[in-house]
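Contents: one structure, followed by commentary.
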Amino acid sequence: MIQDTLTMTIGGKAASADNHLDVRNPATGQVFAAVPDAGAAELEAAIIAARAAFPAWRDTPWATRAAIVNRIGETIAANAAELAAMLTREQGKPAEQAQFEVMAAAQWCQATATLTLPDREIEAGPGRRQVTRYVPIGVVAGISPWNFPVVLSIWKIAPALLAGNTLVLKPSPFTPMTVLRIGELVRDFVPAGVLNIITGGDALGPLMTAHPGFDKVSFTGSTTTGRRVMESAAPTLKRLTLELGGNDAAIVMPDINVPETAEKLFWSAFTNSGQVCVATKRAYVHDDIYDAFRDELAKLAQAVPMGDGSQQGTALGPIQNKPQYDRVKGLLADCEANGYTLLQGQAPEGEGLFVPVTLVDNPPEDSRIVQEEQFGPILPLMRFTDVEDAIAKANDTDMGLAGTVWSADTASAMRIAERMDTGNVWINEGLALSPFAAFGGRKQSGMGAENGIEGLMAYTEPKTFLVAG
Ligand code: NAD
């Protein structure tokens, strides 16, 4: 049996568990590490530590907390090479993109640390003073997914700590290592109990969301799990931030430069082998340019090197885990069974969880590949002639995470963007996120926002004081 190489962080100390979870490299199919599989006892210890640390952390000056969040960022940056190599091995993404994710996490800490939430004075009449202050909520449960394990965990750690909360964070059991390692690296300067990191299997998330020791849950993952989280948080009315799935549409207008836009849209759809919450997951392409645009995308699909992320030159890696691989293969099989035309690139043979980059040529609107979130390297392309029809189809879904519009006429693209029912719309770019801009889904893509002032406020509650005399 492979021994644990990493420890959890509970109350500022290294912690392990009696049981262990295997960690598998998705590019080879091989188990290469094991991590602690925490159960109720370890969770209890983490909550006790977080509760004990809360009063002093809440009362720590904002600037001191900001300096610690900033130092977490500096520490991540200083250890980027080690963290990125670990991330590639457990997640599968190419080395360059792993480095990008780790550096983005560092940047997010440093940017978030510059935010403030000043008290707000509210007119209360002569002889009275009224102030609203944004106070921390308490102890937060953070639960993150496997597609961007580092940056999506930092999206919780940085604002939760800055606002004065303490946190118990659980990464996905498919990608536990890099986040555990960050816990080890920051243990000596984050006060004990302020940031606890635990890993465990499928049972641990539900134990967390139901536990009365948490005041808030910040969850990133699928819509199906998000519903369960909301249900389980209801008995104790925990505050919730839910960042869930998407089925993001692109609307491609006929006035674009075909090769340039095809390349940008290709990466908007296929970065991280399509395992991005805000990846382009359906593309509505104007009939005038449809054939040329499809052919340009097909050229890119055939040329893109897919393989083991640790090998130089790899641009796309595998699907991260077997259940997701089976889901993506199921969607491909459905396309094949229905006779849709597929344009595909190359994928390595062997034990790795590779699925070739696939374009689906104009499948019907009610097909599974258009209606469901694929979260893999398959993109359906649909022809349109009437932009009103394309907007209606883009919006005809329970999802509302993000969307894109591609046009040389940015003013008319903006009018289309305004009518897309999503939390973000990007014009002539994809995957454009900022630590200073609110990010969140509409409809069943989520609730609340992360990042920016709105994301920070989500870790606070307003408390109003009135002083007379
Ligand atoms: P998932 O819902 O299966 O798991 C997410 C996390 O929840 C994991 O840590 C998992 O262990 C935990 N979990 C599982 N069941 C739970 C339960 N009943 N209660 C509490 N926690 C539980 O999602 P995933 O497969 O890891 O991630 C892929 C999904 O996440 C996609 O749908 C993607 O669009 C979405 N996502 C959304 C965003 C966003 O910001 N909106 C970002 C990334 C991914």
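Ligands are numbered from 1 in the order shown, chains are lettered A, B, ... in the order of the structure tokens, and residues start at 1 in each chain.
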
Determine, counting only C-alpha atoms, which protein, DNA and RNA residues have an atom within 10 Å of an atom of Ala66 of chain A; residues of the same chain fewer than 4 positions away are not included. Present the result as a list of chain:residue names.
A:Pro61, A:Trp62, A:Asn70, A:Arg71, A:Ile72, A:Cys109, A:Gln110, A:Ala111, A:Thr112, A:Ala113, A:Thr114, A:Leu115, A:Thr116, A:Ala158, A:Pro159, A:Leu161, A:Leu162, A:Ala163, A:Gly164

Expected file contents, prior selection, N, CA and C atoms, as a short mmCIF file (atom, residue, chain, number, x, y, z; two decimals), in the first residue's frame:
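The resulting file, selection.cif, is shown below:
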data_model
loop_
_atom_site.label_atom_id
_atom_site.label_comp_id
_atom_site.auth_asym_id
_atom_site.auth_seq_id
_atom_site.Cartn_x
_atom_site.Cartn_y
_atom_site.Cartn_z
N PRO A 61 -7.11 42.95 13.63
CA PRO A 61 -7.33 44.06 12.70
C PRO A 61 -7.35 43.59 11.24
N TRP A 62 -8.18 44.26 10.45
CA TRP A 62 -8.34 43.92 9.02
C TRP A 62 -6.97 43.87 8.33
N ASN A 70 -2.31 37.87 2.03
CA ASN A 70 -1.28 38.21 1.05
C ASN A 70 -0.10 37.24 1.13
N ARG A 71 0.28 36.90 2.37
CA ARG A 71 1.42 35.99 2.55
C ARG A 71 1.10 34.57 2.07
N ILE A 72 -0.16 34.18 2.17
CA ILE A 72 -0.55 32.88 1.59
C ILE A 72 -0.26 32.92 0.09
N CYS A 109 -5.01 35.72 -4.07
CA CYS A 109 -4.79 36.06 -2.65
C CYS A 109 -4.32 37.50 -2.54
N GLN A 110 -3.35 37.84 -3.38
CA GLN A 110 -2.74 39.17 -3.26
C GLN A 110 -3.74 40.26 -3.64
N ALA A 111 -4.56 40.00 -4.66
CA ALA A 111 -5.56 40.99 -5.07
C ALA A 111 -6.67 41.10 -4.03
N THR A 112 -7.14 39.96 -3.52
CA THR A 112 -8.23 39.98 -2.54
C THR A 112 -7.79 40.73 -1.28
N ALA A 113 -6.50 40.58 -0.94
CA ALA A 113 -5.98 41.24 0.27
C ALA A 113 -6.04 42.76 0.18
N THR A 114 -6.23 43.31 -1.02
CA THR A 114 -6.31 44.78 -1.15
C THR A 114 -7.74 45.30 -0.94
N LEU A 115 -8.71 44.38 -0.86
CA LEU A 115 -10.10 44.83 -0.74
C LEU A 115 -10.42 45.23 0.70
N THR A 116 -11.36 46.17 0.84
CA THR A 116 -11.83 46.56 2.18
C THR A 116 -13.35 46.70 2.15
N ALA A 158 -9.32 32.96 0.56
CA ALA A 158 -8.90 34.37 0.65
C ALA A 158 -10.02 35.27 1.19
N PRO A 159 -11.22 35.27 0.60
CA PRO A 159 -12.24 36.19 1.14
C PRO A 159 -12.76 35.77 2.51
N LEU A 161 -11.17 34.32 5.01
CA LEU A 161 -10.22 34.72 6.05
C LEU A 161 -10.12 36.24 6.16
N LEU A 162 -10.07 36.91 5.00
CA LEU A 162 -9.96 38.37 5.03
C LEU A 162 -11.12 38.98 5.81
N ALA A 163 -12.32 38.47 5.59
CA ALA A 163 -13.52 39.04 6.24
C ALA A 163 -13.59 38.68 7.73
N GLY A 164 -12.71 37.77 8.20
CA GLY A 164 -12.68 37.49 9.64
C GLY A 164 -13.33 36.17 10.04
#

Pick out the residues no farther than 7 Å from ligand 1, counting only C-alpha atoms and all ligand atoms, and list them as a PDB file with N, CA and C atoms, in the first residue's frame.
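Output file pocket_37.pdb is given in full below:
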ATOM      1  N   ILE A 143     -16.192  23.779   0.158  1.00  0.00           N
ATOM      2  CA  ILE A 143     -16.146  22.494  -0.577  1.00  0.00           C
ATOM      3  C   ILE A 143     -15.839  22.813  -2.032  1.00  0.00           C
ATOM      4  N   SER A 144     -14.759  22.213  -2.559  1.00  0.00           N
ATOM      5  CA  SER A 144     -14.342  22.585  -3.922  1.00  0.00           C
ATOM      6  C   SER A 144     -14.280  21.367  -4.854  1.00  0.00           C
ATOM      7  N   PRO A 145     -14.312  21.599  -6.167  1.00  0.00           N
ATOM      8  CA  PRO A 145     -14.350  20.520  -7.153  1.00  0.00           C
ATOM      9  C   PRO A 145     -12.945  20.160  -7.677  1.00  0.00           C
ATOM     10  N   TRP A 146     -12.912  19.262  -8.670  1.00  0.00           N
ATOM     11  CA  TRP A 146     -11.631  18.720  -9.137  1.00  0.00           C
ATOM     12  C   TRP A 146     -11.087  19.378 -10.408  1.00  0.00           C
ATOM     13  N   ASN A 147     -11.835  20.284 -11.002  1.00  0.00           N
ATOM     14  CA  ASN A 147     -11.354  20.807 -12.293  1.00  0.00           C
ATOM     15  C   ASN A 147     -10.285  21.896 -12.143  1.00  0.00           C
ATOM     16  N   PHE A 148     -10.464  22.780 -11.133  1.00  0.00           N
ATOM     17  CA  PHE A 148      -9.449  23.776 -10.781  1.00  0.00           C
ATOM     18  C   PHE A 148      -9.306  23.736  -9.263  1.00  0.00           C
ATOM     19  N   LEU A 152      -9.936  27.353  -7.188  1.00  0.00           N
ATOM     20  CA  LEU A 152     -11.304  27.407  -6.655  1.00  0.00           C
ATOM     21  C   LEU A 152     -11.336  27.236  -5.131  1.00  0.00           C
ATOM     22  N   LYS A 170     -12.583  21.507   2.280  1.00  0.00           N
ATOM     23  CA  LYS A 170     -12.452  20.133   1.795  1.00  0.00           C
ATOM     24  C   LYS A 170     -12.321  20.150   0.275  1.00  0.00           C
ATOM     25  N   PRO A 171     -11.157  19.779  -0.261  1.00  0.00           N
ATOM     26  CA  PRO A 171     -11.059  19.648  -1.713  1.00  0.00           C
ATOM     27  C   PRO A 171     -11.736  18.360  -2.183  1.00  0.00           C
ATOM     28  N   SER A 172     -11.872  18.201  -3.481  1.00  0.00           N
ATOM     29  CA  SER A 172     -12.474  16.983  -4.036  1.00  0.00           C
ATOM     30  C   SER A 172     -11.596  15.767  -3.728  1.00  0.00           C
ATOM     31  N   PRO A 173     -12.204  14.609  -3.460  1.00  0.00           N
ATOM     32  CA  PRO A 173     -11.390  13.403  -3.238  1.00  0.00           C
ATOM     33  C   PRO A 173     -10.580  13.002  -4.473  1.00  0.00           C
ATOM     34  N   GLY A 201     -13.626  10.993   1.592  1.00  0.00           N
ATOM     35  CA  GLY A 201     -14.403  10.446   0.477  1.00  0.00           C
ATOM     36  C   GLY A 201     -15.802  11.031   0.400  1.00  0.00           C
ATOM     37  N   ASP A 202     -16.674  10.307  -0.305  1.00  0.00           N
ATOM     38  CA  ASP A 202     -18.014  10.822  -0.611  1.00  0.00           C
ATOM     39  C   ASP A 202     -18.847  11.160   0.618  1.00  0.00           C
ATOM     40  N   GLY A 205     -18.494  15.312   2.576  1.00  0.00           N
ATOM     41  CA  GLY A 205     -19.225  16.538   2.182  1.00  0.00           C
ATOM     42  C   GLY A 205     -20.584  16.622   2.869  1.00  0.00           C
ATOM     43  N   PRO A 206     -21.411  15.568   2.768  1.00  0.00           N
ATOM     44  CA  PRO A 206     -22.715  15.625   3.443  1.00  0.00           C
ATOM     45  C   PRO A 206     -22.600  15.787   4.957  1.00  0.00           C
ATOM     46  N   MET A 208     -20.369  17.505   6.437  1.00  0.00           N
ATOM     47  CA  MET A 208     -20.055  18.920   6.655  1.00  0.00           C
ATOM     48  C   MET A 208     -21.305  19.793   6.514  1.00  0.00           C
ATOM     49  N   THR A 209     -22.051  19.593   5.421  1.00  0.00           N
ATOM     50  CA  THR A 209     -23.162  20.526   5.147  1.00  0.00           C
ATOM     51  C   THR A 209     -24.274  20.385   6.182  1.00  0.00           C
ATOM     52  N   PHE A 219     -19.927  26.405  -1.582  1.00  0.00           N
ATOM     53  CA  PHE A 219     -19.805  25.160  -2.338  1.00  0.00           C
ATOM     54  C   PHE A 219     -19.575  25.449  -3.820  1.00  0.00           C
ATOM     55  N   THR A 220     -18.625  24.786  -4.429  1.00  0.00           N
ATOM     56  CA  THR A 220     -18.468  24.816  -5.886  1.00  0.00           C
ATOM     57  C   THR A 220     -18.497  23.387  -6.386  1.00  0.00           C
ATOM     58  N   GLY A 221     -19.397  23.121  -7.317  1.00  0.00           N
ATOM     59  CA  GLY A 221     -19.520  21.768  -7.870  1.00  0.00           C
ATOM     60  C   GLY A 221     -20.722  21.690  -8.782  1.00  0.00           C
ATOM     61  N   SER A 222     -21.277  20.515  -8.910  1.00  0.00           N
ATOM     62  CA  SER A 222     -22.367  20.330  -9.873  1.00  0.00           C
ATOM     63  C   SER A 222     -23.696  20.825  -9.312  1.00  0.00           C
ATOM     64  N   THR A 223     -24.624  21.073 -10.204  1.00  0.00           N
ATOM     65  CA  THR A 223     -25.957  21.537  -9.806  1.00  0.00           C
ATOM     66  C   THR A 223     -26.671  20.467  -8.987  1.00  0.00           C
ATOM     67  N   THR A 224     -26.509  19.203  -9.367  1.00  0.00           N
ATOM     68  CA  THR A 224     -27.157  18.116  -8.630  1.00  0.00           C
ATOM     69  C   THR A 224     -26.690  18.121  -7.174  1.00  0.00           C
ATOM     70  N   THR A 225     -25.379  18.203  -6.961  1.00  0.00           N
ATOM     71  CA  THR A 225     -24.870  18.228  -5.585  1.00  0.00           C
ATOM     72  C   THR A 225     -25.293  19.519  -4.896  1.00  0.00           C
ATOM     73  N   GLY A 226     -25.307  20.623  -5.631  1.00  0.00           N
ATOM     74  CA  GLY A 226     -25.710  21.912  -5.062  1.00  0.00           C
ATOM     75  C   GLY A 226     -27.104  21.851  -4.443  1.00  0.00           C
ATOM     76  N   ARG A 228     -28.472  19.210  -3.169  1.00  0.00           N
ATOM     77  CA  ARG A 228     -28.353  18.432  -1.914  1.00  0.00           C
ATOM     78  C   ARG A 228     -27.768  19.305  -0.804  1.00  0.00           C
ATOM     79  N   VAL A 229     -26.796  20.117  -1.169  1.00  0.00           N
ATOM     80  CA  VAL A 229     -26.153  20.985  -0.175  1.00  0.00           C
ATOM     81  C   VAL A 229     -27.192  21.943   0.406  1.00  0.00           C
ATOM     82  N   GLU A 243     -21.800  27.779  -6.315  1.00  0.00           N
ATOM     83  CA  GLU A 243     -21.271  27.998  -7.672  1.00  0.00           C
ATOM     84  C   GLU A 243     -21.402  26.671  -8.399  1.00  0.00           C
ATOM     85  N   LEU A 244     -22.335  26.593  -9.350  1.00  0.00           N
ATOM     86  CA  LEU A 244     -22.716  25.283  -9.881  1.00  0.00           C
ATOM     87  C   LEU A 244     -22.418  25.145 -11.373  1.00  0.00           C
ATOM     88  N   GLY A 245     -23.117  24.253 -12.008  1.00  0.00           N
ATOM     89  CA  GLY A 245     -22.805  23.913 -13.400  1.00  0.00           C
ATOM     90  C   GLY A 245     -23.255  24.968 -14.398  1.00  0.00           C
ATOM     91  N   GLY A 246     -22.875  24.753 -15.639  1.00  0.00           N
ATOM     92  CA  GLY A 246     -23.263  25.682 -16.703  1.00  0.00           C
ATOM     93  C   GLY A 246     -23.471  24.940 -18.013  1.00  0.00           C
ATOM     94  N   VAL A 276     -14.173  23.062 -17.593  1.00  0.00           N
ATOM     95  CA  VAL A 276     -14.182  24.417 -17.046  1.00  0.00           C
ATOM     96  C   VAL A 276     -15.649  24.781 -16.867  1.00  0.00           C
ATOM     97  N   CYS A 277     -15.985  25.319 -15.675  1.00  0.00           N
ATOM     98  CA  CYS A 277     -17.409  25.638 -15.463  1.00  0.00           C
ATOM     99  C   CYS A 277     -17.900  26.616 -16.507  1.00  0.00           C
ATOM    100  N   PHE A 375     -18.938  18.891 -19.881  1.00  0.00           N
ATOM    101  CA  PHE A 375     -17.748  18.963 -19.024  1.00  0.00           C
ATOM    102  C   PHE A 375     -16.644  18.036 -19.551  1.00  0.00           C
ATOM    103  N   LEU A 401     -24.791  30.321 -16.256  1.00  0.00           N
ATOM    104  CA  LEU A 401     -23.494  30.682 -15.674  1.00  0.00           C
ATOM    105  C   LEU A 401     -22.842  31.826 -16.468  1.00  0.00           C
ATOM    106  N   GLY A 440     -20.775  34.784 -10.717  1.00  0.00           N
ATOM    107  CA  GLY A 440     -21.785  33.887 -10.143  1.00  0.00           C
ATOM    108  C   GLY A 440     -22.798  33.506 -11.203  1.00  0.00           C
ATOM    109  N   GLY A 441     -23.546  32.468 -10.911  1.00  0.00           N
ATOM    110  CA  GLY A 441     -24.490  31.961 -11.902  1.00  0.00           C
ATOM    111  C   GLY A 441     -25.902  32.406 -11.623  1.00  0.00           C
ATOM    112  N   SER A 445     -27.556  27.706 -12.071  1.00  0.00           N
ATOM    113  CA  SER A 445     -26.086  27.706 -12.068  1.00  0.00           C
ATOM    114  C   SER A 445     -25.528  28.228 -10.755  1.00  0.00           C
ATOM    115  N   GLY A 446     -26.400  28.623  -9.848  1.00  0.00           N
ATOM    116  CA  GLY A 446     -25.850  28.999  -8.546  1.00  0.00           C
ATOM    117  C   GLY A 446     -26.639  30.050  -7.821  1.00  0.00           C
TER     118      GLY A 446
END

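With distances restricted to only C-alpha atoms, A:Lys329 is the closest residue to Gly376 of chain A from A:Thr404, A:Asp396, A:Lys329, A:Trp426.
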
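Nearest to Pro254 of chain A of all the residues A:Arg383, A:Lys216, A:His20, A:Arg442 is A:Arg383, based on only C-alpha atoms.
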
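Atom CA of Phe100 of chain A sits 22.9 Å away from atom CA of Ala449 of chain A.
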
If you run DSSP on the backbone here, which positions in segment 240-282 of chain A get strand (DSSP E or B)? Please write them as a PyMOL selection string.
chain A and resi 240-243+249-252+282

Expected answer as a VMD selection string: alpha helix (DSSP H) residues in segment 184-397 of chain A
chain A and resid 184 to 186 204 to 210 223 to 233 258 to 270 287 to 303 322 to 337 368 to 371 387 to 395

Distance query segment 9-15 of chain A at most 7 Å, only C-alpha atoms, self and fewer than 3 positions along chain excluded, as a PyMOL selection string:
chain A and resi 46+49+183-184+187+191-193+196-198

Which residues, written as an MDAnalysis selection string, have at least one atom at most 10 Å from Ala249 of chain A, with only C-alpha atoms counted and residues fewer than 4 positions away on the same chain left out?
chainID A and resid 278:284 370 390:391 393:395 400:405 420 422 425

Using only C-alpha atoms, which protein or nucleic acid residues come within 9 Å of Pro212 of chain A? Drop anything in the same chain fewer than 6 positions from it, and give the result as a list in words.
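That gives Ala233, Pro235, Thr236 and Lys238 of chain A.
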
Generate a file of the selected residues that holds all heavy atoms, formatted as a short mmCIF file (atom, residue, chain, number, x, y, z; two decimals), in the first residue's frame.
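Result went into out04.cif, see below:
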data_model
loop_
_atom_site.label_atom_id
_atom_site.label_comp_id
_atom_site.auth_asym_id
_atom_site.auth_seq_id
_atom_site.Cartn_x
_atom_site.Cartn_y
_atom_site.Cartn_z
N ALA A 233 -28.41 22.10 4.28
CA ALA A 233 -28.11 23.31 5.06
C ALA A 233 -29.37 23.93 5.65
O ALA A 233 -29.30 24.77 6.55
CB ALA A 233 -27.41 24.34 4.17
N PRO A 235 -31.98 22.86 7.70
CA PRO A 235 -32.41 22.79 9.09
C PRO A 235 -31.75 23.81 10.01
O PRO A 235 -32.36 24.26 10.97
CB PRO A 235 -32.03 21.36 9.51
CG PRO A 235 -32.01 20.59 8.24
CD PRO A 235 -31.54 21.56 7.19
N THR A 236 -30.50 24.19 9.72
CA THR A 236 -29.85 25.18 10.58
C THR A 236 -29.71 26.54 9.86
O THR A 236 -28.98 27.41 10.32
CB THR A 236 -28.46 24.71 11.04
OG1 THR A 236 -27.74 24.26 9.90
CG2 THR A 236 -28.56 23.57 12.04
N LYS A 238 -28.09 27.61 7.33
CA LYS A 238 -26.72 28.07 7.04
C LYS A 238 -26.75 29.03 5.86
O LYS A 238 -27.53 28.83 4.92
CB LYS A 238 -25.84 26.88 6.68
CG LYS A 238 -25.58 25.94 7.82
CD LYS A 238 -24.63 24.83 7.39
CE LYS A 238 -24.40 23.85 8.51
NZ LYS A 238 -25.57 23.05 8.86
#

Please tabulate, as JSON lines, the residues of segment 379-418 of chain A that come within 10 Å of segment 287-306 of chain A, each with its closest pair of atoms and the distance in Å to one decimal, counting only C-alpha atoms and ordering rows by chain, then residue number upward.
{"residue": "A:Leu381", "atom": "CA", "partner": "A:Arg294", "partner_atom": "CA", "distance": 7.6}
{"residue": "A:Met382", "atom": "CA", "partner": "A:Tyr290", "partner_atom": "CA", "distance": 8.3}
{"residue": "A:Arg383", "atom": "CA", "partner": "A:Asp287", "partner_atom": "CA", "distance": 5.3}
{"residue": "A:Phe384", "atom": "CA", "partner": "A:Asp287", "partner_atom": "CA", "distance": 5.5}
{"residue": "A:Thr385", "atom": "CA", "partner": "A:Asp287", "partner_atom": "CA", "distance": 5.6}
{"residue": "A:Asp386", "atom": "CA", "partner": "A:Asp287", "partner_atom": "CA", "distance": 9.2}

I need the chosen residues saved as a JSON list (two decimals), in the first residue's frame, with C-alpha atoms.
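As a result, part30.json now contains:
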[["chain", "number", "residue", "atom", "x", "y", "z"],
["A", 381, "LEU", "CA", -22.01, 23.62, -33.32],
["A", 382, "MET", "CA", -25.46, 24.78, -34.44],
["A", 383, "ARG", "CA", -26.36, 26.91, -37.47],
["A", 384, "PHE", "CA", -28.56, 29.96, -37.14],
["A", 385, "THR", "CA", -29.88, 32.58, -39.51],
["A", 386, "ASP", "CA", -31.97, 34.72, -37.13]]

Tell me which protein, DNA and RNA residues are within 6 Å of Ala77 of chain A, counting only C-alpha atoms, leaving out same-chain ones fewer than 2 positions away, and put them as JSON, numbers by chain.
{"A": [74, 75, 79, 80, 103, 106]}
